[in-house]
Every structure is written in structure tokens, then in C-alpha cells.
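Shown below: data01.pdb, with PDB, C-alpha atoms (C1' of nucleotides).
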ATOM      1  CA  MET A   1      11.771   9.160 -24.848  1.00  0.00           C
ATOM      2  CA  SER A   2      14.894   7.064 -24.137  1.00  0.00           C
ATOM      3  CA  GLY A   3      14.242   6.299 -20.493  1.00  0.00           C
ATOM      4  CA  ALA A   4      12.599   9.647 -19.801  1.00  0.00           C
ATOM      5  CA  GLY A   5      15.667  10.595 -17.795  1.00  0.00           C
ATOM      6  CA  LEU A   6      15.058   7.774 -15.331  1.00  0.00           C
ATOM      7  CA  SER A   7      18.090   6.407 -13.532  1.00  0.00           C
ATOM      8  CA  PRO A   8      17.935   3.803 -10.756  1.00  0.00           C
ATOM      9  CA  VAL A   9      18.401   4.995  -7.189  1.00  0.00           C
ATOM     10  CA  ALA A  10      21.681   4.300  -5.387  1.00  0.00           C
ATOM     11  CA  ARG A  11      21.560   1.256  -3.140  1.00  0.00           C
ATOM     12  CA  GLU A  12      22.719   3.360  -0.187  1.00  0.00           C
ATOM     13  CA  LEU A  13      19.324   5.066  -0.214  1.00  0.00           C
ATOM     14  CA  PHE A  14      17.790   2.039   1.466  1.00  0.00           C
ATOM     15  CA  ASP A  15      20.292   2.135   4.306  1.00  0.00           C
ATOM     16  CA  LEU A  16      18.377   4.884   6.116  1.00  0.00           C
ATOM     17  CA  PRO A  17      16.152   4.781   9.211  1.00  0.00           C
ATOM     18  CA  VAL A  18      12.667   3.776   8.127  1.00  0.00           C
ATOM     19  CA  LEU A  19      11.046   7.143   8.914  1.00  0.00           C
ATOM     20  CA  VAL A  20      13.685   8.955   6.872  1.00  0.00           C
ATOM     21  CA  LEU A  21      13.373   6.490   4.020  1.00  0.00           C
ATOM     22  CA  ALA A  22       9.576   6.809   3.971  1.00  0.00           C
ATOM     23  CA  ARG A  23       9.971  10.553   3.538  1.00  0.00           C
ATOM     24  CA  ARG A  24      12.727  10.260   0.933  1.00  0.00           C
ATOM     25  CA  LEU A  25      10.757   7.770  -1.174  1.00  0.00           C
ATOM     26  CA  VAL A  26       8.142  10.436  -1.880  1.00  0.00           C
ATOM     27  CA  GLY A  27       9.009  11.760  -5.354  1.00  0.00           C
ATOM     28  CA  LYS A  28      10.936   8.641  -6.419  1.00  0.00           C
ATOM     29  CA  VAL A  29       9.642   6.804  -9.484  1.00  0.00           C
ATOM     30  CA  LEU A  30       8.480   3.198  -9.406  1.00  0.00           C
ATOM     31  CA  VAL A  31       9.042   1.453 -12.744  1.00  0.00           C
ATOM     32  CA  HIS A  32       7.766  -1.939 -13.839  1.00  0.00           C
ATOM     33  CA  GLU A  33       8.698  -3.556 -17.147  1.00  0.00           C
ATOM     34  CA  THR A  34       6.588  -6.433 -18.393  1.00  0.00           C
ATOM     35  CA  GLU A  35       5.931  -8.097 -21.734  1.00  0.00           C
ATOM     36  CA  ALA A  36       2.932  -5.804 -22.072  1.00  0.00           C
ATOM     37  CA  GLY A  37       5.167  -2.729 -21.834  1.00  0.00           C
ATOM     38  CA  ILE A  38       6.539  -0.228 -19.337  1.00  0.00           C
ATOM     39  CA  ALA A  39       4.489   1.484 -16.651  1.00  0.00           C
ATOM     40  CA  ALA A  40       5.844   3.977 -14.140  1.00  0.00           C
ATOM     41  CA  GLY A  41       4.575   6.419 -11.539  1.00  0.00           C
ATOM     42  CA  ARG A  42       5.923   8.959  -9.067  1.00  0.00           C
ATOM     43  CA  ILE A  43       5.438   7.998  -5.440  1.00  0.00           C
ATOM     44  CA  VAL A  44       3.277  10.623  -3.726  1.00  0.00           C
ATOM     45  CA  GLU A  45       2.308   8.821  -0.506  1.00  0.00           C
ATOM     46  CA  THR A  46       4.066   6.373   1.856  1.00  0.00           C
ATOM     47  CA  GLU A  47       3.742   4.960   5.362  1.00  0.00           C
ATOM     48  CA  ALA A  48       6.478   3.701   7.693  1.00  0.00           C
ATOM     49  CA  TYR A  49       6.063   0.459   9.647  1.00  0.00           C
ATOM     50  CA  ARG A  50       8.603  -0.111  12.409  1.00  0.00           C
ATOM     51  CA  GLY A  51       8.389  -3.537  13.989  1.00  0.00           C
ATOM     52  CA  PRO A  52       8.817  -5.198  16.357  1.00  0.00           C
ATOM     53  CA  GLU A  53       7.659  -2.429  18.716  1.00  0.00           C
ATOM     54  CA  ASP A  54       5.156  -0.876  16.278  1.00  0.00           C
ATOM     55  CA  LEU A  55       1.913  -2.783  16.835  1.00  0.00           C
ATOM     56  CA  ALA A  56       0.574  -1.681  13.444  1.00  0.00           C
ATOM     57  CA  ALA A  57       3.332  -3.582  11.630  1.00  0.00           C
ATOM     58  CA  HIS A  58       2.954  -7.177  10.512  1.00  0.00           C
ATOM     59  CA  SER A  59       6.284  -7.746  12.240  1.00  0.00           C
ATOM     60  CA  ALA A  60       4.859  -6.502  15.559  1.00  0.00           C
ATOM     61  CA  ARG A  61       6.376  -8.258  18.560  1.00  0.00           C
ATOM     62  CA  GLY A  62       8.936  -9.870  16.290  1.00  0.00           C
ATOM     63  CA  ARG A  63       6.441 -12.050  14.496  1.00  0.00           C
ATOM     64  CA  ARG A  64       8.503 -13.799  11.851  1.00  0.00           C
ATOM     65  CA  THR A  65       6.586 -16.071   9.503  1.00  0.00           C
ATOM     66  CA  LYS A  66       6.631 -17.118   5.899  1.00  0.00           C
ATOM     67  CA  ARG A  67       4.560 -14.021   5.127  1.00  0.00           C
ATOM     68  CA  THR A  68       6.726 -11.473   6.971  1.00  0.00           C
ATOM     69  CA  GLU A  69      10.095 -13.070   6.195  1.00  0.00           C
ATOM     70  CA  ALA A  70      11.110 -10.425   3.628  1.00  0.00           C
ATOM     71  CA  MET A  71      10.934  -7.653   6.257  1.00  0.00           C
ATOM     72  CA  PHE A  72      13.655  -9.417   8.235  1.00  0.00           C
ATOM     73  CA  GLY A  73      15.927  -9.552   5.199  1.00  0.00           C
ATOM     74  CA  PRO A  74      18.275  -6.896   3.769  1.00  0.00           C
ATOM     75  CA  PRO A  75      16.882  -3.448   2.818  1.00  0.00           C
ATOM     76  CA  GLY A  76      15.902  -2.477  -0.709  1.00  0.00           C
ATOM     77  CA  ARG A  77      13.814  -5.570  -1.382  1.00  0.00           C
ATOM     78  CA  ALA A  78      10.082  -5.769  -2.044  1.00  0.00           C
ATOM     79  CA  TYR A  79       7.675  -6.971   0.635  1.00  0.00           C
ATOM     80  CA  MET A  80       4.317  -7.966  -0.855  1.00  0.00           C
ATOM     81  CA  PHE A  81       1.165  -9.006   0.970  1.00  0.00           C
ATOM     82  CA  LEU A  82      -2.436  -9.692   0.062  1.00  0.00           C
ATOM     83  CA  LEU A  83      -5.236  -7.722   1.684  1.00  0.00           C
ATOM     84  CA  TYR A  84      -8.859  -8.797   1.952  1.00  0.00           C
ATOM     85  CA  GLY A  85      -8.257 -11.449  -0.655  1.00  0.00           C
ATOM     86  CA  THR A  86      -8.290  -8.953  -3.483  1.00  0.00           C
ATOM     87  CA  SER A  87      -5.568  -6.335  -3.151  1.00  0.00           C
ATOM     88  CA  TRP A  88      -1.810  -6.688  -3.258  1.00  0.00           C
ATOM     89  CA  ALA A  89       0.216  -4.092  -1.354  1.00  0.00           C
ATOM     90  CA  PHE A  90       3.772  -3.095  -2.303  1.00  0.00           C
ATOM     91  CA  ASN A  91       6.366  -2.250   0.355  1.00  0.00           C
ATOM     92  CA  VAL A  92      10.066  -1.353   0.364  1.00  0.00           C
ATOM     93  CA  VAL A  93      12.016  -3.221   3.018  1.00  0.00           C
ATOM     94  CA  SER A  94      14.070  -0.965   5.296  1.00  0.00           C
ATOM     95  CA  GLY A  95      16.402  -1.661   8.185  1.00  0.00           C
ATOM     96  CA  ARG A  96      19.305  -4.075   8.140  1.00  0.00           C
ATOM     97  CA  GLU A  97      18.932  -7.845   8.381  1.00  0.00           C
ATOM     98  CA  ASP A  98      16.808  -8.922  11.353  1.00  0.00           C
ATOM     99  CA  VAL A  99      15.397  -5.388  11.701  1.00  0.00           C
ATOM    100  CA  PRO A 100      11.827  -5.816  10.382  1.00  0.00           C
ATOM    101  CA  HIS A 101      11.025  -2.344   9.052  1.00  0.00           C
ATOM    102  CA  ALA A 102       9.208  -1.510   5.810  1.00  0.00           C
ATOM    103  CA  VAL A 103       7.664   1.387   3.891  1.00  0.00           C
ATOM    104  CA  LEU A 104       4.215   0.907   2.358  1.00  0.00           C
ATOM    105  CA  VAL A 105       3.682   2.756  -0.928  1.00  0.00           C
ATOM    106  CA  ARG A 106       0.095   4.022  -0.859  1.00  0.00           C
ATOM    107  CA  ALA A 107      -0.250   6.156  -4.002  1.00  0.00           C
ATOM    108  CA  LEU A 108       1.447   7.079  -7.267  1.00  0.00           C
ATOM    109  CA  GLU A 109       1.118   9.822  -9.835  1.00  0.00           C
ATOM    110  CA  PRO A 110       0.966   8.045 -13.233  1.00  0.00           C
ATOM    111  CA  LEU A 111       3.916   9.020 -15.475  1.00  0.00           C
ATOM    112  CA  VAL A 112       4.512   6.398 -18.150  1.00  0.00           C
ATOM    113  CA  GLY A 113       2.186   3.827 -19.708  1.00  0.00           C
ATOM    114  CA  LEU A 114      -1.143   5.459 -18.911  1.00  0.00           C
ATOM    115  CA  GLU A 115      -2.980   3.356 -21.495  1.00  0.00           C
ATOM    116  CA  LEU A 116      -1.454   0.149 -20.138  1.00  0.00           C
ATOM    117  CA  MET A 117      -2.524   1.111 -16.616  1.00  0.00           C
ATOM    118  CA  ALA A 118      -6.035   1.873 -17.798  1.00  0.00           C
ATOM    119  CA  SER A 119      -6.289  -1.509 -19.508  1.00  0.00           C
ATOM    120  CA  ARG A 120      -5.305  -3.202 -16.231  1.00  0.00           C
ATOM    121  CA  ARG A 121      -7.709  -1.063 -14.190  1.00  0.00           C
ATOM    122  CA  LYS A 122     -10.927  -1.241 -16.117  1.00  0.00           C
ATOM    123  CA  ARG A 123     -12.862  -0.013 -13.087  1.00  0.00           C
ATOM    124  CA  ALA A 124     -11.011   3.284 -13.016  1.00  0.00           C
ATOM    125  CA  ALA A 125     -13.194   6.042 -14.420  1.00  0.00           C
ATOM    126  CA  THR A 126     -10.572   8.800 -14.125  1.00  0.00           C
ATOM    127  CA  ALA A 127      -6.780   9.090 -14.349  1.00  0.00           C
ATOM    128  CA  ARG A 128      -6.676   9.765 -10.633  1.00  0.00           C
ATOM    129  CA  GLU A 129      -8.346   6.427  -9.880  1.00  0.00           C
ATOM    130  CA  LEU A 130      -5.574   4.516 -11.632  1.00  0.00           C
ATOM    131  CA  THR A 131      -3.127   4.634  -8.746  1.00  0.00           C
ATOM    132  CA  ASN A 132      -4.604   6.504  -5.746  1.00  0.00           C
ATOM    133  CA  GLY A 133      -4.474   3.568  -3.329  1.00  0.00           C
ATOM    134  CA  PRO A 134      -2.178   0.678  -2.310  1.00  0.00           C
ATOM    135  CA  GLY A 135      -4.201  -1.995  -4.118  1.00  0.00           C
ATOM    136  CA  LYS A 136      -4.861   0.196  -7.119  1.00  0.00           C
ATOM    137  CA  LEU A 137      -1.253   1.053  -7.900  1.00  0.00           C
ATOM    138  CA  THR A 138      -0.143  -2.591  -7.791  1.00  0.00           C
ATOM    139  CA  GLN A 139      -2.939  -3.472 -10.175  1.00  0.00           C
ATOM    140  CA  ALA A 140      -2.076  -0.580 -12.499  1.00  0.00           C
ATOM    141  CA  LEU A 141       1.612  -1.546 -12.652  1.00  0.00           C
ATOM    142  CA  GLY A 142       0.935  -5.275 -12.846  1.00  0.00           C
ATOM    143  CA  ILE A 143       2.706  -6.120  -9.555  1.00  0.00           C
ATOM    144  CA  ASP A 144       1.636  -9.072  -7.392  1.00  0.00           C
ATOM    145  CA  GLY A 145       3.001 -11.769  -5.115  1.00  0.00           C
ATOM    146  CA  ALA A 146       5.503 -12.815  -7.769  1.00  0.00           C
ATOM    147  CA  ALA A 147       7.522  -9.706  -6.873  1.00  0.00           C
ATOM    148  CA  TYR A 148       7.983 -10.882  -3.269  1.00  0.00           C
ATOM    149  CA  GLY A 149      11.580 -10.286  -2.161  1.00  0.00           C
ATOM    150  CA  VAL A 150      12.947  -8.876  -5.426  1.00  0.00           C
ATOM    151  CA  ASP A 151      15.827  -6.369  -5.426  1.00  0.00           C
ATOM    152  CA  LEU A 152      14.460  -2.871  -6.112  1.00  0.00           C
ATOM    153  CA  ALA A 153      17.803  -1.240  -6.944  1.00  0.00           C
ATOM    154  CA  ARG A 154      17.846  -3.001 -10.300  1.00  0.00           C
ATOM    155  CA  GLY A 155      15.673  -5.363 -12.349  1.00  0.00           C
ATOM    156  CA  LYS A 156      12.281  -5.257 -14.052  1.00  0.00           C
ATOM    157  CA  LEU A 157      10.721  -3.742 -10.967  1.00  0.00           C
ATOM    158  CA  ARG A 158      12.872  -0.906  -9.690  1.00  0.00           C
ATOM    159  CA  LEU A 159      12.976   2.513  -8.090  1.00  0.00           C
ATOM    160  CA  CYS A 160      14.347   5.486 -10.014  1.00  0.00           C
ATOM    161  CA  GLU A 161      15.354   9.010  -9.120  1.00  0.00           C
ATOM    162  CA  GLY A 162      12.732  11.757  -9.001  1.00  0.00           C
ATOM    163  CA  LYS A 163      11.876  14.951  -7.209  1.00  0.00           C
ATOM    164  CA  ALA A 164       9.131  15.933  -4.794  1.00  0.00           C
ATOM    165  CA  GLY A 165       7.542  19.174  -3.691  1.00  0.00           C
ATOM    166  CA  PRO A 166       6.802  20.091  -0.060  1.00  0.00           C
ATOM    167  CA  ILE A 167       6.021  17.031   2.051  1.00  0.00           C
ATOM    168  CA  GLY A 168       3.327  16.745   4.710  1.00  0.00           C
ATOM    169  CA  ARG A 169       2.713  14.056   7.300  1.00  0.00           C
ATOM    170  CA  SER A 170      -0.239  12.583   9.134  1.00  0.00           C
ATOM    171  CA  PRO A 171      -1.289   9.480  11.079  1.00  0.00           C
ATOM    172  CA  ARG A 172      -1.454   6.221   9.144  1.00  0.00           C
ATOM    173  CA  ILE A 173      -4.603   4.872   7.535  1.00  0.00           C
ATOM    174  CA  ASN A 174      -6.760   1.966   8.742  1.00  0.00           C
ATOM    175  CA  ILE A 175      -4.674   0.714  11.631  1.00  0.00           C
ATOM    176  CA  ASP A 176      -7.268   1.287  14.348  1.00  0.00           C
ATOM    177  CA  TYR A 177      -6.207  -1.916  16.081  1.00  0.00           C
ATOM    178  CA  ALA A 178      -2.726  -0.586  16.906  1.00  0.00           C
ATOM    179  CA  GLY A 179      -3.469   1.146  20.223  1.00  0.00           C
ATOM    180  CA  PRO A 180      -1.091   4.036  21.010  1.00  0.00           C
ATOM    181  CA  TRP A 181       0.576   3.664  17.614  1.00  0.00           C
ATOM    182  CA  VAL A 182      -2.552   4.815  15.796  1.00  0.00           C
ATOM    183  CA  THR A 183      -1.722   8.489  16.202  1.00  0.00           C
ATOM    184  CA  ARG A 184       1.958   8.388  15.197  1.00  0.00           C
ATOM    185  CA  PRO A 185       2.361  10.695  12.169  1.00  0.00           C
ATOM    186  CA  TRP A 186       4.148   8.119  10.075  1.00  0.00           C
ATOM    187  CA  ARG A 187       2.367   8.759   6.785  1.00  0.00           C
ATOM    188  CA  PHE A 188       4.202  11.027   4.331  1.00  0.00           C
ATOM    189  CA  PHE A 189       2.725  12.624   1.234  1.00  0.00           C
ATOM    190  CA  GLU A 190       3.375  15.366  -1.290  1.00  0.00           C
ATOM    191  CA  LYS A 191       1.339  18.397  -0.235  1.00  0.00           C
ATOM    192  CA  GLY A 192      -1.493  19.322  -2.534  1.00  0.00           C
ATOM    193  CA  ASN A 193      -0.972  16.349  -4.841  1.00  0.00           C
ATOM    194  CA  ARG A 194      -4.245  15.205  -6.298  1.00  0.00           C
ATOM    195  CA  HIS A 195      -3.199  11.542  -6.367  1.00  0.00           C
ATOM    196  CA  VAL A 196      -2.838  11.088  -2.597  1.00  0.00           C
ATOM    197  CA  SER A 197      -5.280   8.342  -1.580  1.00  0.00           C
ATOM    198  CA  VAL A 198      -7.056   9.844   1.430  1.00  0.00           C
ATOM    199  CA  ALA A 199      -7.277  13.574   1.972  1.00  0.00           C
ATOM    200  CA  PRO A 200      -5.179  14.340   5.068  1.00  0.00           C
ATOM    201  CA  ARG A 201      -7.400  15.346   7.957  1.00  0.00           C
ATOM    202  CA  ILE A 202      -6.129  18.026  10.230  1.00  0.00           C
TER     203      ILE A 202
ATOM    204  C1'  DG B   1     -18.730  14.515  -1.057  1.00  0.00           C
ATOM    205  C1'  DA B   2     -19.428  11.166   2.841  1.00  0.00           C
ATOM    206  C1'  DA B   3     -20.862   6.924   4.843  1.00  0.00           C
ATOM    207  C1'  DT B   4     -21.849   2.013   4.517  1.00  0.00           C
ATOM    208  C1'  DA B   5     -21.662  -2.909   3.378  1.00  0.00           C
ATOM    209  C1'  DG B   6     -19.978  -6.812   0.705  1.00  0.00           C
ATOM    210  C1'  DA B   7     -16.286  -9.087  -1.760  1.00  0.00           C
ATOM    211  C1'  DT B   8     -12.545 -12.801  -1.582  1.00  0.00           C
ATOM    212  C1'  DT B   9      -8.099 -15.627  -0.446  1.00  0.00           C
ATOM    213  C1'  DG B  10      -3.343 -16.544   1.571  1.00  0.00           C
ATOM    214  C1'  DT B  11      -1.770 -16.889   6.113  1.00  0.00           C
ATOM    215  C1'  DC B  12      -2.050 -17.718  10.888  1.00  0.00           C
ATOM    216  C1'  DT B  13      -4.195 -19.720  15.447  1.00  0.00           C
TER     217       DT B  13
ATOM    218  C1'  DG C   1     -12.382 -20.734  11.066  1.00  0.00           C
ATOM    219  C1'  DA C   2     -11.097 -15.888  11.424  1.00  0.00           C
ATOM    220  C1'  DC C   3      -8.791 -12.229   9.909  1.00  0.00           C
ATOM    221  C1'  DA C   4      -6.706  -8.294   7.023  1.00  0.00           C
ATOM    222  C1'  DA C   5      -1.767  -1.719   6.124  1.00  0.00           C
ATOM    223  C1'  DT C   6      -8.488  -2.359   0.629  1.00  0.00           C
ATOM    224  C1'  DC C   7     -11.682  -1.585  -3.374  1.00  0.00           C
ATOM    225  C1'  DT C   8     -16.095  -0.993  -5.253  1.00  0.00           C
ATOM    226  C1'  DA C   9     -20.934  -0.104  -5.714  1.00  0.00           C
ATOM    227  C1'  DT C  10     -24.688   1.840  -3.504  1.00  0.00           C
ATOM    228  C1'  DT C  11     -27.113   5.096  -0.858  1.00  0.00           C
ATOM    229  C1'  DC C  12     -27.758   9.395   1.190  1.00  0.00           C
ATOM    230  C1'  DT C  13     -27.034  14.345   1.658  1.00  0.00           C
TER     231       DT C  13
END

Let me see whether you can do it: turn the structure in this file into C-alpha cells.
Amino acid sequence: MSGAGLSPVARELFDLPVLVLARRLVGKVLVHETEAGIAAGRIVETEAYRGPEDLAAHSARGRRTKRTEAMFGPPGRAYMFLLYGTSWAFNVVSGREDVPHAVLVRALEPLVGLELMASRRKRAATARELTNGPGKLTQALGIDGAAYGVDLARGKLRLCEGKAGPIGRSPRINIDYAGPWVTRPWRFFEKGNRHVSVAPRI
DNA sequence: GAATAGATTGTCT
DNA sequence: GACAATCTATTCT
């Protein structure tokens, strides 16, 4: 297969406004190499988080802590956080230093290493259930807090070029606490893709 | 298919 | 001590 035609994205990609980056990341391929092998998937769903004004973001109102520190760093790094004690979520940091923006990757379409993903996600009954959610895709690719702050333009965990079909948008998922920001259509997904986590409601 | 409740742990107040 | 950008099993249509 010799790389399956996968080449890393240019670093300049990350130097875009967060809403533009969230849209452009759809179709890109997330690759993770481990001792167990290579696993990779096409990104089919993202969400933009634009602190400090966006109350849905962890960096809302400029909150800068040990947990959110990566969002204040340079773009193109990974921001990882743990949800409900059980699920890791993977984000791509956007915005220059001290601008705490990030893009949450919510779903992938499995491309490489399907068997490896299945062995990591024993609960998944179907191929679709391997990576159709933020916590599921990190489990399938073997990503966790150890990836906090790593450079995504190169390395074991990296983003590679890929293409996407027509892209739709909708409000973000499960941020009911965010007041007026709840309805902002800052979720991007590939239209009609079966691997999108939650069917867009219209 | 849709709705509901319980799990589980690092981080923050 | 409470919470969270979720997942899973269970229950009901």
C-alpha cells in the first residue's frame, strides 16, 4: 500500500480562522502509528470552539488552566480532554498563541487498520460504531491524554491530505449550557456520510 | 429508531 | 464535592 497516498498536510493549513479550519478539516485523514500498527480515518464531522467569547468553549471568558493550556498555544497542536471519566476527546488547536480556539473532531470514516480498531473497540457491533463519536474515534485509534500538545503536522499522530464531498453545517451537540451560543451553526459534516455521529436535525 | 439512566475520573471551585 | 464538547445498555414504540 506504501502510505496509501497519504501525505501530511502543510503547516499553513492551521493558520486559518477556526470556522474555516473546522470546515477544511472535513475530508482530511487522521493517522496514528503505534507499536500495534497503523490506524487511520477520514474526518467526516467537526465542531469549532471559539473562546474566550464562545461560552461553549472550555476557554470561555479566557479561562486558562492546566487543562486548557494547549488551546492558548500555537496552532496545529492536539488538545485532549477527558469527558465523564471515560472518554477522551481529540481537538486541533487553531488561532495563534494566546487565541484559545480549537476544532473538536467528532467522527471518522475508518480507512486503514479496521481490524486494529475493532480490537480496541470490542463494544462496537458494526463498522460504523468504530468511530462515529468523539470518544469512540480516540479509542479506535488508540489516542489518549498522552497526545496532549503534540504537533499534528508531523509525528506518530498526524493529519494527512484527503478530499471531502459536499459539506453541511448545524448547531453543535450537547452544549445546552452555552446560552445564545447553542444555536450557532458551528458543526461541519460531510453530507450523507453514514459515519457522522448524530443525524443532523433540520 | 428514540428516549432514558448509569458509569467513572481528571480538573476546578 | 461537583461537574463534564460521552458511551453503553436497557426499555419502549

Per residue of chain B within 8 Å of chain A, record the nearest atom pair and its distance in Å to one decimal, counting only C-alpha atoms (C1' of nucleotides), with rows in chain order and ascending residue number, as CSV.
residue,atom,partner,partner_atom,distance
B:DT8,C1',A:Gly85,CA,4.6
B:DT9,C1',A:Gly85,CA,4.2
B:DG10,C1',A:Leu82,CA,7.1
B:DT11,C1',A:Arg67,CA,7.0

So which residues get picked by the PyMOL selection byres ((chain C) within 8 of (chain A)) here, written as an NGL selection string? :C and (4-7)

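Residue selection for this entry, given the PyMOL selection byres ((chain C and resi 1) around 12), comprises DC12 and DT13 of chain B; DA2 and DC3 of chain C.
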
Residues selected by the PyMOL selection byres ((chain C and resi 12) around 12), written as an MDAnalysis selection string: (chainID B and resid 1:4) or (chainID C and resid 10:11 13)

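Pairwise distance (CA of Ala70 (chain A), CA of Val99 (chain A)) equals 10.4 Å.
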
Residues within 7 Å of region 29-35 of chain A, please, as a PyMOL selection string. Count only C-alpha atoms (C1' of nucleotides); anything in the same chain fewer than 6 positions from it doesn't count. chain A and resi 41-43+141+156-162

Next, the residues of the selection above should be written as an mmCIF file, in the frame of the given file with C-alpha atoms.
data_model
loop_
_atom_site.group_PDB
_atom_site.id
_atom_site.type_symbol
_atom_site.label_atom_id
_atom_site.label_comp_id
_atom_site.auth_asym_id
_atom_site.auth_seq_id
_atom_site.Cartn_x
_atom_site.Cartn_y
_atom_site.Cartn_z
ATOM 1 C CA GLY A 41 4.575 6.419 -11.539
ATOM 2 C CA ARG A 42 5.923 8.959 -9.067
ATOM 3 C CA ILE A 43 5.438 7.998 -5.440
ATOM 4 C CA LEU A 141 1.612 -1.546 -12.652
ATOM 5 C CA LYS A 156 12.281 -5.257 -14.052
ATOM 6 C CA LEU A 157 10.721 -3.742 -10.967
ATOM 7 C CA ARG A 158 12.872 -0.906 -9.690
ATOM 8 C CA LEU A 159 12.976 2.513 -8.090
ATOM 9 C CA CYS A 160 14.347 5.486 -10.014
ATOM 10 C CA GLU A 161 15.354 9.010 -9.120
ATOM 11 C CA GLY A 162 12.732 11.757 -9.001
#

Extract, using all atoms listed in the file, all DNA, RNA and protein residues at most 12 Å from region 51-53 of chain A, discarding same-chain residues fewer than 3 positions from it, and format them as a ChimeraX atom specification. /A:18,48,56-64,68,71-72,93-95,98-103,178-181

Straight-line distance linking CA of Val20 (chain A) with CA of Asp151 (chain A), stated in Å to one decimal: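 Separation between CA of Val20 (chain A) and CA of Asp151 (chain A): 19.8 Å.
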
What is the distance between CA of Leu114 (chain A) and CA of Thr126 (chain A), in Å to one decimal?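 One can read the CA of Leu114 (chain A) to CA of Thr126 (chain A) distance as 11.1 Å.
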
Take chain B from the preceding structure and save C-alpha atoms (C1' of nucleotides) as a PDB file, in the first residue's frame.
ATOM      1  C1'  DG B   1     -35.461   4.148  15.822  1.00  0.00           C
ATOM      2  C1'  DA B   2     -35.933   7.089  20.067  1.00  0.00           C
ATOM      3  C1'  DA B   3     -35.616   8.030  24.870  1.00  0.00           C
ATOM      4  C1'  DT B   4     -33.581   7.227  29.389  1.00  0.00           C
ATOM      5  C1'  DA B   5     -30.332   6.353  33.162  1.00  0.00           C
ATOM      6  C1'  DG B   6     -25.857   4.964  34.969  1.00  0.00           C
ATOM      7  C1'  DA B   7     -20.889   4.813  34.550  1.00  0.00           C
ATOM      8  C1'  DT B   8     -16.304   6.932  36.069  1.00  0.00           C
ATOM      9  C1'  DT B   9     -12.109  10.237  36.786  1.00  0.00           C
ATOM     10  C1'  DG B  10      -9.094  14.457  35.991  1.00  0.00           C
ATOM     11  C1'  DT B  11      -9.805  19.146  36.848  1.00  0.00           C
ATOM     12  C1'  DC B  12     -11.701  23.056  39.014  1.00  0.00           C
ATOM     13  C1'  DT B  13     -14.225  25.797  42.952  1.00  0.00           C
TER      14       DT B  13
END
